[in-house]
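Novice: Sending over a structure as structure tokens; questions will come in a sec.
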Amino acid sequence: MNLQIVSTTPFLDQKPGTSGLRKSVPDFQQPHYLENFIQAIFDSLEGCEGQTLVVGGDGRYYNRQAIQIILKMAAANGIGKIIVGQGGILSTPATSCLIRKYQTFGGIILSASHNPGGPEGDFGVKYNIGNGGPAPEKVTEAIYARTKTITEYKILAAGDINLDRPGSFKLGTMDVEVMDSVAPYSALMAELFDFDRIREFIAAGNFRLCVDSMHAVTGPYAKAIFETQLGAPAGTVINGVPLEDFGQGHPDPNLVYAHELVEILFGEDAPDFGAASDGDGDRNMILGRHFFVTPSDSLAVLTANATLVPGYRGGLAGVARSMPTSAAVDRVAAKLGIDCYETPTGWKFFGNLLDAGKATLCGEESFGTGSNHVREKDGLWAVLFWLNLLAVTGKSVEQLVAEHWQTYGRNFYSRHDYEEVPSEPANELMAQLQVQLATLPGQTLGGYTVDYADNFSYTDPVDGSVSKNQGVRIGFTDGSRIVFRLSGTGTKGATLRVYLESYEPDPAKHGEDTQVALGDLIALADQVAKIKEFTGRDRPTVIT
Ligand code: VG1
Ligand code: CO
């Protein structure tokens, strides 16, 4: 075995963000950059020698090269076995599925999710623990600490492994198993959802659907599930071939970036149902004919109707949502008499709740929904959940949502993102907001009276760990809310996210345009946070 020990010096910018380490491809291609971070992972994992890890990525540029490096480093670090997706492809939820199915020690996911890819795009590395979910903060902090003191890494001098067909290989003493990327995941979906019912519903011919994989990882999964297993016509899945640069697109399933799908669903002779997923397959956007479902509403509708789906027929233990996600699901939980947890942004905070059986469904406003079937959010799972509901109820997407609002009232909701703002003014904006917090409660601003103002702090109910400074919240006495936070996934400057929410019980007003309904709060957000002044921007880059 030709083991090499390579001297290196630390990079001081390897702090994982909301979802792993994300940097530009040129950053990752610097000599030793990827290797340092991977060695820091191995050094921080106690007892990983001889164990099995899952490795895969979303197929973006540098995925293949990175996997070969990781395989050789794993072999040099005494890992027992690596399970890798064919072609190096594994969606994030499929990786979680494999970690759980084979009870591996953990896994490494190569993705920068919805960030654009290509030689000048972004790349990312995320470590997942043995429950299949993102490493909690204590693990990512240990990895980061190690990156700051690293002096060497270990790698095997060996040829590349052929990842393009399933098979078993040896790398030094380590086993490598290249596995079909789709089959274990699609088998899990078939357990949760009524595939026969959905197949009959599609075959009946009165229902058309379109699924946009945005040239990212879900293409092979979506084709296998929707076209082959559920019998939807060929061509149902668009942009279904994963490309290293995502066809120069931005694989973020929202109204702005998934415009091709949006034009189809809002065009003439539109299909009944549309869905898109992101770079690594954990996000979803749900559309009906001429109708957009906000992710917060989607979580609420799935929760309210969960018992119509085989996998959740027995009811839900509880639900969880990230703090900036609208309170629509809270109203459903209250009616069902189940617990509703509010966590910081990022899927890693749901892990303990899912493991402890406190929550069954979880969701984030950022187009993420999932359940206890894996420990990641899961884009195609959400699409199948909706299809199952449509097949069982025979209702349209719009009908299901409108009826939901009639029962529970409507939480108007929108997120305004100001992307690539220089970091310094963005930090100043947050700092001056923080200073105001103590004096805001009781004040009347633009007709709204401030009920509470704080910086969200979360105490995990399972292990007691505390996560502070998770976003500034200003709540008003009528239940409206504005939340401000800086993104932890961007790679250029800072991204300010402003989350706006108001509650409308009156069905006569449910048809109003969201930006109009939230107009006063939008103006108020600018007044309180001085967004235009600090960012120098007239309007957000992206509104979802
Ligand atoms: C964003 C979203 C957050 C999500 C995270 C990872 O984080 O807001 O809800 O969990 O991305 O999703 P931030 O810190 O930029 O707001 V993914 O699909 O990029 O792994
Ligand atoms: Co993602």
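Order determines the names: the first chain of the structure tokens is A, the second B, and so forth; residues in each chain are numbered 1 upward, and ligands are numbered 1 upward as they are shown.
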Which residues in segment 344-520 of chain A does DSSP call strand (DSSP E or B)? List them as JSON, numbers by chain.
Specialist: {"A": [361, 362, 363, 364, 368, 369, 370, 371, 410, 411, 412, 413, 414, 415, 416, 417, 418, 419, 420, 421, 444, 445, 448, 449, 450, 451, 452, 453, 454, 455, 458, 459, 466, 467, 472, 473, 474, 475, 476, 481, 482, 483, 484, 485, 486, 494, 495, 496, 497, 498, 499, 500, 501, 502, 503, 504]}
Novice: Would you mind exporting the chosen residues as a PDB file, in the first residue's frame, restricted to C-alpha atoms?
Specialist:
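Contents of selection_27.pdb, as written:
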ATOM      1  CA  LEU A 361     -42.973  15.905   9.387  1.00  0.00           C
ATOM      2  CA  CYS A 362     -40.613  18.884   9.163  1.00  0.00           C
ATOM      3  CA  GLY A 363     -40.355  21.860   6.865  1.00  0.00           C
ATOM      4  CA  GLU A 364     -38.635  25.084   5.982  1.00  0.00           C
ATOM      5  CA  GLY A 368     -37.728  22.113   2.020  1.00  0.00           C
ATOM      6  CA  THR A 369     -40.092  19.454   3.356  1.00  0.00           C
ATOM      7  CA  GLY A 370     -39.422  16.014   4.722  1.00  0.00           C
ATOM      8  CA  SER A 371     -40.242  13.394   7.307  1.00  0.00           C
ATOM      9  CA  ARG A 410     -54.324  32.117   5.341  1.00  0.00           C
ATOM     10  CA  ASN A 411     -50.808  33.025   6.431  1.00  0.00           C
ATOM     11  CA  PHE A 412     -49.652  35.418   3.724  1.00  0.00           C
ATOM     12  CA  TYR A 413     -45.944  34.834   3.422  1.00  0.00           C
ATOM     13  CA  SER A 414     -42.978  36.047   1.406  1.00  0.00           C
ATOM     14  CA  ARG A 415     -39.198  36.102   1.598  1.00  0.00           C
ATOM     15  CA  HIS A 416     -37.168  38.967   0.138  1.00  0.00           C
ATOM     16  CA  ASP A 417     -33.499  38.223  -0.530  1.00  0.00           C
ATOM     17  CA  TYR A 418     -30.817  40.823  -1.102  1.00  0.00           C
ATOM     18  CA  GLU A 419     -27.995  38.764  -2.579  1.00  0.00           C
ATOM     19  CA  GLU A 420     -24.290  39.562  -2.772  1.00  0.00           C
ATOM     20  CA  VAL A 421     -24.435  42.641  -0.584  1.00  0.00           C
ATOM     21  CA  THR A 444     -46.461  51.457  17.357  1.00  0.00           C
ATOM     22  CA  LEU A 445     -44.868  51.468  13.917  1.00  0.00           C
ATOM     23  CA  TYR A 448     -48.551  47.876  13.927  1.00  0.00           C
ATOM     24  CA  THR A 449     -47.813  47.513  17.629  1.00  0.00           C
ATOM     25  CA  VAL A 450     -44.668  45.552  18.455  1.00  0.00           C
ATOM     26  CA  ASP A 451     -45.439  42.595  20.687  1.00  0.00           C
ATOM     27  CA  TYR A 452     -41.907  41.167  20.967  1.00  0.00           C
ATOM     28  CA  ALA A 453     -38.494  41.769  19.425  1.00  0.00           C
ATOM     29  CA  ASP A 454     -35.573  39.409  19.945  1.00  0.00           C
ATOM     30  CA  ASN A 455     -32.757  37.463  18.382  1.00  0.00           C
ATOM     31  CA  TYR A 458     -33.008  27.709  20.484  1.00  0.00           C
ATOM     32  CA  THR A 459     -32.583  25.138  23.196  1.00  0.00           C
ATOM     33  CA  VAL A 466     -28.240  26.024  22.807  1.00  0.00           C
ATOM     34  CA  SER A 467     -27.948  27.854  19.456  1.00  0.00           C
ATOM     35  CA  VAL A 472     -33.923  38.864  14.502  1.00  0.00           C
ATOM     36  CA  ARG A 473     -37.683  38.557  14.974  1.00  0.00           C
ATOM     37  CA  ILE A 474     -40.126  41.394  15.355  1.00  0.00           C
ATOM     38  CA  GLY A 475     -43.619  40.186  16.163  1.00  0.00           C
ATOM     39  CA  PHE A 476     -46.708  42.373  16.187  1.00  0.00           C
ATOM     40  CA  ARG A 481     -44.052  39.064  11.862  1.00  0.00           C
ATOM     41  CA  ILE A 482     -40.867  40.272  10.222  1.00  0.00           C
ATOM     42  CA  VAL A 483     -37.663  38.231  10.502  1.00  0.00           C
ATOM     43  CA  PHE A 484     -34.191  39.267   9.418  1.00  0.00           C
ATOM     44  CA  ARG A 485     -31.154  37.036   9.075  1.00  0.00           C
ATOM     45  CA  LEU A 486     -28.006  36.667   7.033  1.00  0.00           C
ATOM     46  CA  ALA A 494     -23.585  38.546   2.334  1.00  0.00           C
ATOM     47  CA  THR A 495     -27.203  37.705   1.554  1.00  0.00           C
ATOM     48  CA  LEU A 496     -29.821  39.441   3.662  1.00  0.00           C
ATOM     49  CA  ARG A 497     -33.059  37.498   4.013  1.00  0.00           C
ATOM     50  CA  VAL A 498     -36.200  39.313   5.109  1.00  0.00           C
ATOM     51  CA  TYR A 499     -39.150  37.079   5.953  1.00  0.00           C
ATOM     52  CA  LEU A 500     -42.636  38.626   6.064  1.00  0.00           C
ATOM     53  CA  GLU A 501     -45.828  37.086   7.366  1.00  0.00           C
ATOM     54  CA  SER A 502     -49.362  38.166   8.207  1.00  0.00           C
ATOM     55  CA  TYR A 503     -52.469  36.213   9.097  1.00  0.00           C
ATOM     56  CA  GLU A 504     -55.829  36.616   7.368  1.00  0.00           C
TER      57      GLU A 504
END
Novice: Check which residues of chain A sit at most 6 Å from ligand 1 using only C-alpha atoms and all ligand atoms, and return one row each with the closest pair of atoms and their distance in Å to one decimal, ordered by chain and rising number, as CSV.
Specialist:
residue,atom,partner,partner_atom_place_in_ligand_line,distance
A:Thr18,CA,ligand 1,14 (O),4.8
A:Ser19,CA,ligand 1,6 (C),5.2
A:Ser113,CA,ligand 1,19 (O),4.5
A:His114,CA,ligand 1,19 (O),5.5
A:Asp282,CA,ligand 1,18 (O),5.5
A:Arg283,CA,ligand 1,18 (O),5.4
A:Thr345,CA,ligand 1,9 (O),5.0
A:Gly346,CA,ligand 1,10 (O),3.6
A:Trp347,CA,ligand 1,10 (O),5.2
A:Glu364,CA,ligand 1,9 (O),5.4
A:Ser366,CA,ligand 1,9 (O),4.8
A:Ser487,CA,ligand 1,14 (O),3.7
A:Gly488,CA,ligand 1,14 (O),3.4
A:Thr489,CA,ligand 1,15 (O),4.0
A:Gly490,CA,ligand 1,15 (O),5.9
Novice: With N, CA, C and O atoms retained, could you export that selection as a short mmCIF file (atom, residue, chain, number, x, y, z; two decimals), in the first residue's frame?
Specialist:
data_model
loop_
_atom_site.label_atom_id
_atom_site.label_comp_id
_atom_site.auth_asym_id
_atom_site.auth_seq_id
_atom_site.Cartn_x
_atom_site.Cartn_y
_atom_site.Cartn_z
N THR A 18 -24.68 26.97 7.10
CA THR A 18 -25.98 26.35 7.38
C THR A 18 -25.97 24.88 6.95
O THR A 18 -26.57 24.03 7.59
N SER A 19 -25.27 24.60 5.86
CA SER A 19 -25.31 23.24 5.32
C SER A 19 -23.94 22.88 4.73
O SER A 19 -23.78 22.80 3.52
N SER A 113 -25.81 22.47 -3.28
CA SER A 113 -27.26 22.55 -3.37
C SER A 113 -27.74 23.39 -4.54
O SER A 113 -27.44 23.09 -5.68
N HIS A 114 -28.43 24.49 -4.25
CA HIS A 114 -29.03 25.31 -5.30
C HIS A 114 -28.06 26.34 -5.87
O HIS A 114 -28.41 27.07 -6.79
N ASP A 282 -32.94 17.98 -2.53
CA ASP A 282 -33.64 18.03 -1.24
C ASP A 282 -34.73 19.10 -1.20
O ASP A 282 -35.55 19.10 -0.29
N ARG A 283 -34.75 20.01 -2.18
CA ARG A 283 -35.81 21.03 -2.19
C ARG A 283 -36.88 20.69 -3.21
O ARG A 283 -36.63 19.98 -4.18
N THR A 345 -32.94 27.88 11.41
CA THR A 345 -32.81 27.53 10.00
C THR A 345 -31.75 26.46 9.79
O THR A 345 -30.66 26.54 10.35
N GLY A 346 -32.06 25.47 8.96
CA GLY A 346 -31.09 24.40 8.65
C GLY A 346 -31.64 23.06 9.11
O GLY A 346 -32.14 22.93 10.23
N TRP A 347 -31.53 22.05 8.24
CA TRP A 347 -32.15 20.76 8.54
C TRP A 347 -31.50 20.07 9.73
O TRP A 347 -32.09 19.23 10.38
N GLU A 364 -39.22 23.75 5.97
CA GLU A 364 -38.64 25.08 5.98
C GLU A 364 -39.26 25.90 4.86
O GLU A 364 -39.65 25.35 3.82
N SER A 366 -37.81 27.61 2.84
CA SER A 366 -36.91 27.63 1.69
C SER A 366 -37.11 26.42 0.78
O SER A 366 -36.16 25.85 0.28
N SER A 487 -27.77 34.95 5.37
CA SER A 487 -27.63 33.58 4.87
C SER A 487 -26.34 32.95 5.35
O SER A 487 -25.31 33.62 5.48
N GLY A 488 -26.39 31.63 5.57
CA GLY A 488 -25.18 30.88 5.90
C GLY A 488 -24.80 29.92 4.80
O GLY A 488 -24.08 28.95 5.03
N THR A 489 -25.29 30.15 3.57
CA THR A 489 -24.93 29.26 2.46
C THR A 489 -24.30 29.99 1.28
O THR A 489 -23.78 29.36 0.37
N GLY A 490 -24.38 31.32 1.27
CA GLY A 490 -23.84 32.07 0.13
C GLY A 490 -22.32 32.01 0.12
O GLY A 490 -21.68 31.66 1.12
#
Novice: Tyr62 of chain A: which residues within 8 Å, counting only C-alpha atoms, same-chain residues fewer than 6 positions away excluded, as an MDAnalysis selection string?
Specialist: chainID A and resid 25 119 123
Novice: Grab me every residue within 10 Å of ligand 2, counting only C-alpha atoms and all ligand atoms, and send it over as a ChimeraX atom specification.
Specialist: /A:19,58,91-93,111-115,251-253,277-284,366-368,376-379
Novice: Please dump the current selection as a compact mmCIF listing (two decimals), in the first residue's frame; keep N, CA, C and O atoms.
Specialist:
# COMPACT_ATOMS: atom_id res chain seq x y z
N SER A 19 -25.27 24.60 5.86
CA SER A 19 -25.31 23.24 5.32
C SER A 19 -23.94 22.88 4.73
O SER A 19 -23.78 22.80 3.52
N ASP A 58 -24.01 15.70 -6.15
CA ASP A 58 -25.07 16.10 -7.07
C ASP A 58 -24.62 16.18 -8.53
O ASP A 58 -25.36 16.65 -9.38
N SER A 91 -28.40 11.83 -4.72
CA SER A 91 -29.08 13.01 -4.21
C SER A 91 -28.88 13.05 -2.69
O SER A 91 -28.55 12.02 -2.07
N THR A 92 -29.09 14.21 -2.11
CA THR A 92 -28.92 14.32 -0.65
C THR A 92 -29.87 13.38 0.10
O THR A 92 -29.42 12.63 0.98
N PRO A 93 -31.18 13.34 -0.24
CA PRO A 93 -32.03 12.38 0.49
C PRO A 93 -31.66 10.93 0.20
O PRO A 93 -31.81 10.08 1.09
N SER A 111 -21.96 18.74 -2.55
CA SER A 111 -22.98 19.57 -3.18
C SER A 111 -22.92 20.97 -2.65
O SER A 111 -22.56 21.20 -1.49
N ALA A 112 -23.27 21.92 -3.50
CA ALA A 112 -23.54 23.27 -3.01
C ALA A 112 -25.02 23.56 -3.26
O ALA A 112 -25.41 24.70 -3.48
N SER A 113 -25.81 22.47 -3.28
CA SER A 113 -27.26 22.55 -3.37
C SER A 113 -27.74 23.39 -4.54
O SER A 113 -27.44 23.09 -5.68
N HIS A 114 -28.43 24.49 -4.25
CA HIS A 114 -29.03 25.31 -5.30
C HIS A 114 -28.06 26.34 -5.87
O HIS A 114 -28.41 27.07 -6.79
N ASN A 115 -26.84 26.41 -5.33
CA ASN A 115 -25.89 27.38 -5.89
C ASN A 115 -25.46 26.91 -7.28
O ASN A 115 -25.27 25.72 -7.50
N PRO A 251 -29.97 26.00 -10.16
CA PRO A 251 -30.92 24.92 -9.84
C PRO A 251 -31.63 25.14 -8.50
O PRO A 251 -31.49 24.38 -7.56
N ASP A 252 -32.37 26.23 -8.46
CA ASP A 252 -33.10 26.60 -7.24
C ASP A 252 -34.58 26.62 -7.60
O ASP A 252 -35.02 27.45 -8.40
N PRO A 253 -35.37 25.69 -7.06
CA PRO A 253 -36.76 25.57 -7.50
C PRO A 253 -37.65 26.64 -6.88
O PRO A 253 -38.34 26.42 -5.88
N SER A 277 -37.13 20.47 -8.54
CA SER A 277 -36.26 20.22 -7.39
C SER A 277 -34.91 20.88 -7.63
O SER A 277 -34.61 21.31 -8.73
N ASP A 278 -34.09 20.92 -6.59
CA ASP A 278 -32.87 21.72 -6.65
C ASP A 278 -31.65 20.88 -7.01
O ASP A 278 -31.76 19.68 -7.33
N GLY A 279 -30.48 21.49 -6.93
CA GLY A 279 -29.22 20.86 -7.32
C GLY A 279 -29.05 19.48 -6.72
O GLY A 279 -28.76 18.51 -7.44
N ASP A 280 -29.26 19.33 -5.42
CA ASP A 280 -28.99 18.06 -4.75
C ASP A 280 -30.26 17.30 -4.39
O ASP A 280 -30.20 16.30 -3.67
N GLY A 281 -31.41 17.78 -4.85
CA GLY A 281 -32.64 17.00 -4.73
C GLY A 281 -33.34 17.06 -3.40
O GLY A 281 -34.28 16.30 -3.15
N ASP A 282 -32.94 17.98 -2.53
CA ASP A 282 -33.64 18.03 -1.24
C ASP A 282 -34.73 19.10 -1.20
O ASP A 282 -35.55 19.10 -0.29
N ARG A 283 -34.75 20.01 -2.18
CA ARG A 283 -35.81 21.03 -2.19
C ARG A 283 -36.88 20.69 -3.21
O ARG A 283 -36.63 19.98 -4.18
N ASN A 284 -38.05 21.29 -3.05
CA ASN A 284 -39.12 21.10 -4.01
C ASN A 284 -39.94 22.36 -4.15
O ASN A 284 -40.11 23.11 -3.20
N SER A 366 -37.81 27.61 2.84
CA SER A 366 -36.91 27.63 1.69
C SER A 366 -37.11 26.42 0.78
O SER A 366 -36.16 25.85 0.28
N PHE A 367 -38.36 26.01 0.60
CA PHE A 367 -38.71 24.93 -0.33
C PHE A 367 -38.18 23.58 0.15
O PHE A 367 -37.78 22.75 -0.66
N GLY A 368 -38.18 23.38 1.47
CA GLY A 368 -37.73 22.11 2.02
C GLY A 368 -38.82 21.48 2.87
O GLY A 368 -39.38 22.12 3.74
N GLU A 376 -32.97 14.06 6.00
CA GLU A 376 -32.74 15.22 5.16
C GLU A 376 -34.08 15.66 4.62
O GLU A 376 -35.03 14.87 4.57
N LYS A 377 -34.16 16.90 4.17
CA LYS A 377 -35.36 17.27 3.44
C LYS A 377 -35.32 16.52 2.11
O LYS A 377 -34.27 16.11 1.66
N ASP A 378 -36.51 16.35 1.52
CA ASP A 378 -36.57 15.42 0.39
C ASP A 378 -37.54 15.94 -0.66
O ASP A 378 -38.76 15.87 -0.49
N GLY A 379 -36.96 16.43 -1.77
CA GLY A 379 -37.76 17.06 -2.81
C GLY A 379 -38.76 16.12 -3.47
O GLY A 379 -39.95 16.42 -3.55
Novice: For Val217 of chain A, which residue among A:Ala187, A:Ile70, A:Leu90, A:Leu354 is the nearest when counting only C-alpha atoms?
Specialist: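 Looking only at the distances to Val217 of chain A, the closest residue turns out to be A:Leu90.
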Novice: With only C-alpha atoms as the basis for distance, which of A:Ala517, A:Ala234, A:Met189, A:Ser423 is at the shortest distance from Lys492 of chain A?
Specialist: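 Of A:Ala517, A:Ala234, A:Met189, A:Ser423, the one nearest Lys492 of chain A, counting only C-alpha atoms, is A:Ser423.
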Novice: Would you compute the distance between atom CA of Tyr153 of chain A and atom CA of Asn131 of chain A? Give it in Å to one decimal.
Specialist: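 The value is 27.0 Å.
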Novice: As a list in words, please: the residues near Gln470 of chain A (cut-off 7 Å, only C-alpha atoms, same-chain neighbours under 4 positions excluded).
Specialist: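 In the requested form, the answer reads Pro344, Asn455, Phe456 and Ser457 of chain A.
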Novice: If you measure from atom CA of Asp43 of chain A to atom CA of Gly351 of chain A, what distance in Å do you get, rounded to one decimal?
Specialist: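 Those two atoms sit 23.0 Å apart.
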Novice: I'd like the interatomic distance between atom CA of Met73 of chain A and atom CA of Pro16 of chain A, to a tenth of an Å.
Specialist: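 These two atoms are separated by 20.1 Å.
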Novice: Skipping near chain neighbours, those fewer than 4 positions away, what residues fall within 10 Å of Gln65 of chain A using only C-alpha atoms, listed as a list in words?
Specialist: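 Answer for this query is Gln29, Tyr61, Ile69, Ile70, Gly88 and Asp160 of chain A.
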Novice: Those residues you just picked out, can you put them in a file as a PDB file, in the first residue's frame with all heavy atoms?
Specialist:
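Saved the output as selection_25.pdb:
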ATOM      1  N   GLN A  29     -10.306  24.108  -5.683  1.00  0.00           N
ATOM      2  CA  GLN A  29      -9.230  23.536  -6.497  1.00  0.00           C
ATOM      3  C   GLN A  29      -7.842  23.990  -6.056  1.00  0.00           C
ATOM      4  O   GLN A  29      -6.842  23.530  -6.610  1.00  0.00           O
ATOM      5  CB  GLN A  29      -9.453  23.899  -7.975  1.00  0.00           C
ATOM      6  CG  GLN A  29     -10.597  23.103  -8.589  1.00  0.00           C
ATOM      7  CD  GLN A  29     -10.914  23.564  -9.996  1.00  0.00           C
ATOM      8  OE1 GLN A  29     -10.838  24.763 -10.284  1.00  0.00           O
ATOM      9  NE2 GLN A  29     -11.276  22.646 -10.866  1.00  0.00           N
ATOM     10  N   TYR A  61     -19.776  20.126 -11.398  1.00  0.00           N
ATOM     11  CA  TYR A  61     -18.374  20.222 -11.780  1.00  0.00           C
ATOM     12  C   TYR A  61     -17.488  19.996 -10.557  1.00  0.00           C
ATOM     13  O   TYR A  61     -17.717  20.605  -9.504  1.00  0.00           O
ATOM     14  CB  TYR A  61     -18.118  21.624 -12.360  1.00  0.00           C
ATOM     15  CG  TYR A  61     -16.752  21.793 -12.952  1.00  0.00           C
ATOM     16  CD1 TYR A  61     -16.469  21.385 -14.254  1.00  0.00           C
ATOM     17  CD2 TYR A  61     -15.737  22.361 -12.196  1.00  0.00           C
ATOM     18  CE1 TYR A  61     -15.209  21.538 -14.784  1.00  0.00           C
ATOM     19  CE2 TYR A  61     -14.465  22.519 -12.721  1.00  0.00           C
ATOM     20  CZ  TYR A  61     -14.210  22.105 -14.010  1.00  0.00           C
ATOM     21  OH  TYR A  61     -12.954  22.264 -14.539  1.00  0.00           O
ATOM     22  N   ILE A  69     -10.462  11.705  -4.923  1.00  0.00           N
ATOM     23  CA  ILE A  69      -9.557  12.147  -3.838  1.00  0.00           C
ATOM     24  C   ILE A  69     -10.054  11.606  -2.496  1.00  0.00           C
ATOM     25  O   ILE A  69      -9.290  11.080  -1.687  1.00  0.00           O
ATOM     26  CB  ILE A  69      -9.470  13.697  -3.813  1.00  0.00           C
ATOM     27  CG1 ILE A  69      -8.734  14.197  -5.070  1.00  0.00           C
ATOM     28  CG2 ILE A  69      -8.776  14.191  -2.534  1.00  0.00           C
ATOM     29  CD1 ILE A  69      -8.792  15.703  -5.279  1.00  0.00           C
ATOM     30  N   ILE A  70     -11.359  11.714  -2.277  1.00  0.00           N
ATOM     31  CA  ILE A  70     -11.921  11.270  -0.991  1.00  0.00           C
ATOM     32  C   ILE A  70     -11.738   9.756  -0.819  1.00  0.00           C
ATOM     33  O   ILE A  70     -11.398   9.278   0.269  1.00  0.00           O
ATOM     34  CB  ILE A  70     -13.404  11.685  -0.885  1.00  0.00           C
ATOM     35  CG1 ILE A  70     -13.499  13.207  -0.776  1.00  0.00           C
ATOM     36  CG2 ILE A  70     -14.095  11.008   0.302  1.00  0.00           C
ATOM     37  CD1 ILE A  70     -14.892  13.765  -0.959  1.00  0.00           C
ATOM     38  N   GLY A  88     -20.836   8.567  -9.293  1.00  0.00           N
ATOM     39  CA  GLY A  88     -20.609   9.555  -8.229  1.00  0.00           C
ATOM     40  C   GLY A  88     -21.865  10.319  -7.863  1.00  0.00           C
ATOM     41  O   GLY A  88     -21.832  11.278  -7.108  1.00  0.00           O
ATOM     42  N   ASP A 160      -7.491   5.713 -10.298  1.00  0.00           N
ATOM     43  CA  ASP A 160      -8.898   6.025 -10.048  1.00  0.00           C
ATOM     44  C   ASP A 160      -9.755   4.760 -10.114  1.00  0.00           C
ATOM     45  O   ASP A 160      -9.437   3.813 -10.831  1.00  0.00           O
ATOM     46  CB  ASP A 160      -9.408   7.023 -11.100  1.00  0.00           C
ATOM     47  CG  ASP A 160      -8.889   8.427 -10.820  1.00  0.00           C
ATOM     48  OD1 ASP A 160      -8.214   8.627  -9.784  1.00  0.00           O
ATOM     49  OD2 ASP A 160      -9.163   9.325 -11.644  1.00  0.00           O
TER      50      ASP A 160
END
Novice: Between A:Asn63, A:Asn372, A:Thr52, A:Thr95, which has the minimum distance to Ala75 of chain A (counting only C-alpha atoms)?
Specialist: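 Once distances to Ala75 of chain A are computed over only C-alpha atoms, the minimum belongs to A:Thr52.
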